[in-house]
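These notes concern the structure reproduced below.
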Amino acid sequence: MQYLTIALAKGRLAEQAVDLLEAAGTDCRVVKEKSRKLILEDEQAGLRFILAKPADVPTYVDYGAADIGIVGKDTLLEEGRSLYEVLNLGFGSCRMCVCGPQELSGRMDYLPNKRVATKYPRIARAYFESKRRESVEIIRLNGSVELAPLVGLAEVIVDIVESGRTLQENGLVVLETIAQISARLVVNRVSMKMKAERISNLIEAVRSQLNNVPEHSAGKDNL
């Protein structure tokens with residue numbers, strides 16, 4: 001049997017993705033079973049689910065190990081893979097922002113030779129070089145990037161902002177918004193042709209479900 005393989009980002013995003021897929025008529029019982037397996041197959045439905053780290057989902061889809069992926073827009077921007085981005089799923093909403101001390105608010109243009117700390121070097125560099133026409137030094141961090149301005153490692157940071165509470169507690173504010181972020185459904189380019197009917201049916205079912213959810217908002221991408 002030819003499986004339709006769906007890559008999910010492990011964690012809360014996967015849970016929300018499964019809820020949406022089920023509401024759209026896709027049987028996801030195998031994903032809900034208690035298991036440490038990373039590949040879950042439903043032979044009767046012809047479905048295979050891959051549970052991966054969020055940053056790896058675009059890679060699996062790009063190389064054809066998965067036909068479809070559900071992952072955050074931040075990951076897609078950072079990875080820069082050649083995929084069909086088909087639907088904005090609306091959940092997992094947040095913002096990608098430039099943040100820093102309050103005294104820099106409205107004064108970004110007057111700060112020369114910026115150092116930018118971030119977990120998202122590709123996004124940060126693209127924003128400053130393409131949008132702001134500035135050359136900056138990117139400092140990649142893997143942990144709490146909010147620490148960087150506090151110890152003088154960088155003047156500003158680029159990071160995901162949800163409630164803004166962590167920024168506030170560390171004396172930082174949002175200086176500029178780079179992009180609105182939410183979960184997206186992406187498809188492998190070859191799979192879109194080879195498994196066109198199954199993939200199109202799934203996409204239309206999900207789209208129909210989204211159209212029936214009043215609070216769903218597509219959001220706008222600025223990068």
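Here's how to read the names in the structure tokens: chain A, B, ... by the order shown, residue numbers from 1 in each chain, ligand numbers from 1 in the order shown.
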
May I have a table of the residues of segment 23-108 of chain A lying at most 12 Å from segment 118-142 of chain A, giving each one's closest pair of atoms and their distance in Å to one decimal, counting only C-alpha atoms, ordered by chain and ascending residue number, as CSV?
residue,atom,partner,partner_atom,distance
A:Ala55,CA,A:Tyr120,CA,10.9
A:Lys73,CA,A:Ile123,CA,11.0
A:Asp74,CA,A:Ile123,CA,8.3
A:Thr75,CA,A:Tyr120,CA,8.7
A:Leu76,CA,A:Ile123,CA,9.9
A:Leu77,CA,A:Ile123,CA,6.4
A:Glu78,CA,A:Arg122,CA,5.4
A:Glu79,CA,A:Arg122,CA,7.9
A:Gly80,CA,A:Arg122,CA,8.5
A:Met96,CA,A:Ile123,CA,9.0
A:Cys97,CA,A:Ala124,CA,9.3
A:Val98,CA,A:Ala124,CA,8.4
A:Cys99,CA,A:Thr118,CA,10.3
A:Gly100,CA,A:Thr118,CA,11.9
A:Met108,CA,A:Arg132,CA,10.0

For the residues selected in the previous step, produce a file with N, CA and C atoms as a PDB file, in the first residue's frame.
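The result, written out as part06.pdb:
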ATOM      1  N   ALA A  55      12.292  21.840  13.921  1.00  0.00           N
ATOM      2  CA  ALA A  55      13.272  22.301  12.929  1.00  0.00           C
ATOM      3  C   ALA A  55      13.538  21.267  11.839  1.00  0.00           C
ATOM      4  N   LYS A  73       5.568  28.837  11.094  1.00  0.00           N
ATOM      5  CA  LYS A  73       6.118  29.703  10.052  1.00  0.00           C
ATOM      6  C   LYS A  73       7.542  30.134  10.394  1.00  0.00           C
ATOM      7  N   ASP A  74       7.854  30.260  11.674  1.00  0.00           N
ATOM      8  CA  ASP A  74       9.212  30.636  12.081  1.00  0.00           C
ATOM      9  C   ASP A  74      10.223  29.604  11.602  1.00  0.00           C
ATOM     10  N   THR A  75       9.878  28.328  11.725  1.00  0.00           N
ATOM     11  CA  THR A  75      10.761  27.253  11.277  1.00  0.00           C
ATOM     12  C   THR A  75      10.918  27.272   9.760  1.00  0.00           C
ATOM     13  N   LEU A  76       9.833  27.525   9.053  1.00  0.00           N
ATOM     14  CA  LEU A  76       9.901  27.576   7.588  1.00  0.00           C
ATOM     15  C   LEU A  76      10.786  28.728   7.121  1.00  0.00           C
ATOM     16  N   LEU A  77      10.651  29.872   7.750  1.00  0.00           N
ATOM     17  CA  LEU A  77      11.478  31.024   7.392  1.00  0.00           C
ATOM     18  C   LEU A  77      12.950  30.754   7.663  1.00  0.00           C
ATOM     19  N   GLU A  78      13.218  30.124   8.792  1.00  0.00           N
ATOM     20  CA  GLU A  78      14.608  29.872   9.173  1.00  0.00           C
ATOM     21  C   GLU A  78      15.248  28.797   8.303  1.00  0.00           C
ATOM     22  N   GLU A  79      14.482  27.776   7.935  1.00  0.00           N
ATOM     23  CA  GLU A  79      15.032  26.674   7.152  1.00  0.00           C
ATOM     24  C   GLU A  79      15.146  27.014   5.667  1.00  0.00           C
ATOM     25  N   GLY A  80      14.210  27.807   5.161  1.00  0.00           N
ATOM     26  CA  GLY A  80      14.281  28.237   3.769  1.00  0.00           C
ATOM     27  C   GLY A  80      14.195  27.108   2.751  1.00  0.00           C
ATOM     28  N   MET A  96       7.399  37.228  15.409  1.00  0.00           N
ATOM     29  CA  MET A  96       8.856  37.276  15.373  1.00  0.00           C
ATOM     30  C   MET A  96       9.227  38.756  15.482  1.00  0.00           C
ATOM     31  N   CYS A  97      10.017  39.098  16.497  1.00  0.00           N
ATOM     32  CA  CYS A  97      10.260  40.504  16.778  1.00  0.00           C
ATOM     33  C   CYS A  97      11.727  40.829  17.032  1.00  0.00           C
ATOM     34  N   VAL A  98      12.055  42.096  16.816  1.00  0.00           N
ATOM     35  CA  VAL A  98      13.317  42.657  17.288  1.00  0.00           C
ATOM     36  C   VAL A  98      13.008  43.262  18.649  1.00  0.00           C
ATOM     37  N   CYS A  99      13.755  42.875  19.659  1.00  0.00           N
ATOM     38  CA  CYS A  99      13.502  43.341  21.020  1.00  0.00           C
ATOM     39  C   CYS A  99      14.784  43.902  21.639  1.00  0.00           C
ATOM     40  N   GLY A 100      14.614  44.772  22.609  1.00  0.00           N
ATOM     41  CA  GLY A 100      15.771  45.354  23.275  1.00  0.00           C
ATOM     42  C   GLY A 100      15.337  46.237  24.416  1.00  0.00           C
ATOM     43  N   MET A 108      16.351  52.893  16.809  1.00  0.00           N
ATOM     44  CA  MET A 108      17.110  51.823  16.168  1.00  0.00           C
ATOM     45  C   MET A 108      18.037  52.359  15.081  1.00  0.00           C
TER      46      MET A 108
END

Write out as an NGL selection string the residues lying within 7 Å of segment 56-58 of chain A, counting only C-alpha atoms and excluding same-chain residues fewer than 5 positions away.
:A and (7-9 or 69 or 71 or 76 or 81)

So that I have them on file, write out the residues from the current selection with N, CA and C atoms, as a PDB file, in the first residue's frame.
ATOM      1  N   ALA A   7       4.357  14.616   8.484  1.00  0.00           N
ATOM      2  CA  ALA A   7       5.337  14.929   9.521  1.00  0.00           C
ATOM      3  C   ALA A   7       4.755  15.977  10.463  1.00  0.00           C
ATOM      4  N   LEU A   8       4.802  15.674  11.749  1.00  0.00           N
ATOM      5  CA  LEU A   8       4.278  16.581  12.771  1.00  0.00           C
ATOM      6  C   LEU A   8       5.404  17.044  13.688  1.00  0.00           C
ATOM      7  N   ALA A   9       5.353  18.308  14.087  1.00  0.00           N
ATOM      8  CA  ALA A   9       6.325  18.846  15.045  1.00  0.00           C
ATOM      9  C   ALA A   9       5.926  18.411  16.444  1.00  0.00           C
ATOM     10  N   GLY A  69       3.718  18.275   5.839  1.00  0.00           N
ATOM     11  CA  GLY A  69       4.239  18.639   7.149  1.00  0.00           C
ATOM     12  C   GLY A  69       3.391  19.744   7.755  1.00  0.00           C
ATOM     13  N   VAL A  71       4.009  22.688  10.602  1.00  0.00           N
ATOM     14  CA  VAL A  71       5.099  23.279  11.362  1.00  0.00           C
ATOM     15  C   VAL A  71       4.912  24.783  11.419  1.00  0.00           C
ATOM     16  N   LEU A  76       9.833  27.525   9.053  1.00  0.00           N
ATOM     17  CA  LEU A  76       9.901  27.576   7.588  1.00  0.00           C
ATOM     18  C   LEU A  76      10.786  28.728   7.121  1.00  0.00           C
ATOM     19  N   ARG A  81      13.414  26.080   3.039  1.00  0.00           N
ATOM     20  CA  ARG A  81      13.282  24.937   2.130  1.00  0.00           C
ATOM     21  C   ARG A  81      12.316  25.232   0.978  1.00  0.00           C
TER      22      ARG A  81
END

DSSP on the backbone, then: every residue of segment 33-146 of chain A marked strand (DSSP E or B), written as a PyMOL selection string.
chain A and resi 39-42+47-52+68-72+84-88+94-101+115-118+137-140

Output of the above residues as a compact mmCIF listing (two decimals), in the first residue's frame, restricted to N, CA and C atoms:
# COMPACT_ATOMS: atom_id res chain seq x y z
N ILE A 39 7.52 6.73 14.35
CA ILE A 39 6.76 6.52 13.12
C ILE A 39 5.52 5.70 13.48
N LEU A 40 4.35 6.24 13.19
CA LEU A 40 3.10 5.60 13.55
C LEU A 40 2.30 5.35 12.27
N GLU A 41 1.93 4.09 12.04
CA GLU A 41 1.26 3.72 10.79
C GLU A 41 -0.15 3.21 11.03
N ASP A 42 -1.05 3.64 10.17
CA ASP A 42 -2.41 3.13 10.13
C ASP A 42 -2.57 2.49 8.75
N LEU A 47 -2.16 5.70 6.16
CA LEU A 47 -1.53 6.89 6.71
C LEU A 47 -0.31 6.55 7.53
N ARG A 48 0.71 7.37 7.42
CA ARG A 48 1.90 7.24 8.24
C ARG A 48 2.21 8.62 8.84
N PHE A 49 2.44 8.64 10.14
CA PHE A 49 2.78 9.89 10.82
C PHE A 49 4.21 9.82 11.32
N ILE A 50 4.97 10.87 11.08
CA ILE A 50 6.33 11.00 11.60
C ILE A 50 6.34 12.09 12.66
N LEU A 51 6.85 11.78 13.85
CA LEU A 51 6.96 12.78 14.91
C LEU A 51 8.41 13.24 14.97
N ALA A 52 8.65 14.51 14.68
CA ALA A 52 10.01 15.02 14.58
C ALA A 52 10.15 16.34 15.34
N ILE A 68 3.59 15.55 3.56
CA ILE A 68 2.97 16.73 4.14
C ILE A 68 3.63 17.02 5.49
N GLY A 69 3.72 18.27 5.84
CA GLY A 69 4.24 18.64 7.15
C GLY A 69 3.39 19.74 7.76
N ILE A 70 3.32 19.75 9.07
CA ILE A 70 2.66 20.84 9.79
C ILE A 70 3.68 21.41 10.77
N VAL A 71 4.01 22.69 10.60
CA VAL A 71 5.10 23.28 11.36
C VAL A 71 4.91 24.78 11.42
N GLY A 72 5.59 25.44 12.35
CA GLY A 72 5.47 26.88 12.51
C GLY A 72 6.12 27.66 11.38
N TYR A 84 5.83 23.64 -0.98
CA TYR A 84 4.56 24.32 -1.21
C TYR A 84 3.96 24.65 0.16
N GLU A 85 3.84 25.93 0.46
CA GLU A 85 3.17 26.35 1.69
C GLU A 85 1.71 26.57 1.33
N VAL A 86 0.86 25.64 1.77
CA VAL A 86 -0.50 25.58 1.25
C VAL A 86 -1.51 26.32 2.12
N LEU A 87 -1.44 26.11 3.43
CA LEU A 87 -2.45 26.70 4.32
C LEU A 87 -1.82 27.31 5.57
N ASN A 88 -2.39 28.43 5.97
CA ASN A 88 -2.11 28.99 7.29
C ASN A 88 -3.16 28.39 8.23
N CYS A 94 1.99 33.77 17.21
CA CYS A 94 2.91 34.61 17.96
C CYS A 94 3.55 35.56 16.96
N ARG A 95 4.57 36.30 17.39
CA ARG A 95 5.25 37.24 16.49
C ARG A 95 6.75 37.02 16.55
N MET A 96 7.40 37.23 15.41
CA MET A 96 8.86 37.28 15.37
C MET A 96 9.23 38.76 15.48
N CYS A 97 10.02 39.10 16.50
CA CYS A 97 10.26 40.50 16.78
C CYS A 97 11.73 40.83 17.03
N VAL A 98 12.05 42.10 16.82
CA VAL A 98 13.32 42.66 17.29
C VAL A 98 13.01 43.26 18.65
N CYS A 99 13.75 42.87 19.66
CA CYS A 99 13.50 43.34 21.02
C CYS A 99 14.78 43.90 21.64
N GLY A 100 14.61 44.77 22.61
CA GLY A 100 15.77 45.35 23.28
C GLY A 100 15.34 46.24 24.42
N PRO A 101 16.26 46.98 25.01
CA PRO A 101 15.93 47.88 26.12
C PRO A 101 14.97 48.99 25.68
N ARG A 115 24.87 44.48 17.15
CA ARG A 115 25.04 43.05 17.38
C ARG A 115 23.67 42.49 17.74
N VAL A 116 23.29 41.42 17.06
CA VAL A 116 21.95 40.86 17.22
C VAL A 116 22.07 39.41 17.68
N ALA A 117 21.54 39.12 18.85
CA ALA A 117 21.55 37.75 19.38
C ALA A 117 20.23 37.07 19.04
N THR A 118 20.29 35.82 18.62
CA THR A 118 19.07 35.15 18.17
C THR A 118 19.26 33.65 18.03
N GLU A 137 26.07 42.24 13.02
CA GLU A 137 26.77 41.04 13.48
C GLU A 137 25.75 40.14 14.16
N ILE A 138 25.61 38.93 13.64
CA ILE A 138 24.65 37.97 14.20
C ILE A 138 25.37 37.07 15.20
N ILE A 139 24.83 36.99 16.41
CA ILE A 139 25.36 36.11 17.44
C ILE A 139 24.32 35.03 17.70
N ARG A 140 24.64 33.80 17.34
CA ARG A 140 23.67 32.72 17.51
C ARG A 140 23.72 32.17 18.93

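With only C-alpha atoms as the atoms that count, the residue of A:Val158, A:Gly143, A:Val187, A:Leu104 with the shortest distance to Gly171 of chain A is A:Leu104.
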
Please report, as number ranges by chain, each residue of chain A to which DSSP assigns helix (DSSP H, G or I) when run on this structure's backbone.
A: 12-23, 29-32, 54-62, 73-79, 102-104, 108-110, 121-131, 147-150, 165-169, 189-194, 196-211

Give me the residues within 10 Å of Leu20 of chain A as number ranges by chain, counting only C-alpha atoms and dropping any in the same chain fewer than 2 places off.
A: 14-18, 22-26, 89, 91, 205-206, 209-210

Would you mind telling me which residue in A:Ala66, A:Ile181, A:Val156, A:Leu13 lies nearest to Pro54 of chain A when using only C-alpha atoms?
A:Leu13

So how far away is atom CA of Arg107 of chain A from atom CA of Glu146 of chain A, in Å?
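Separating atom CA of Glu146 of chain A from atom CA of Arg107 of chain A is a distance of 19.2 Å.
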
Which of these residues is nearest to Leu4 of chain A, using only C-alpha atoms: A:Ala45, A:Leu185, A:Val31, A:Ala154?
A:Ala45

Let me make sure I understand: among A:Thr5, A:Gln44, A:Thr59, A:Ser82, which one has the smallest atom-to-atom distance to Leu202 of chain A if we use only C-alpha atoms?
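Comparing A:Thr5, A:Gln44, A:Thr59, A:Ser82 against Leu202 of chain A, the winner is A:Thr5.
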
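Comparing A:Tyr63, A:Gly46, A:Glu155, A:Gly92 by their smallest distance to Asn113 of chain A, the closest is A:Glu155 (using only C-alpha atoms).
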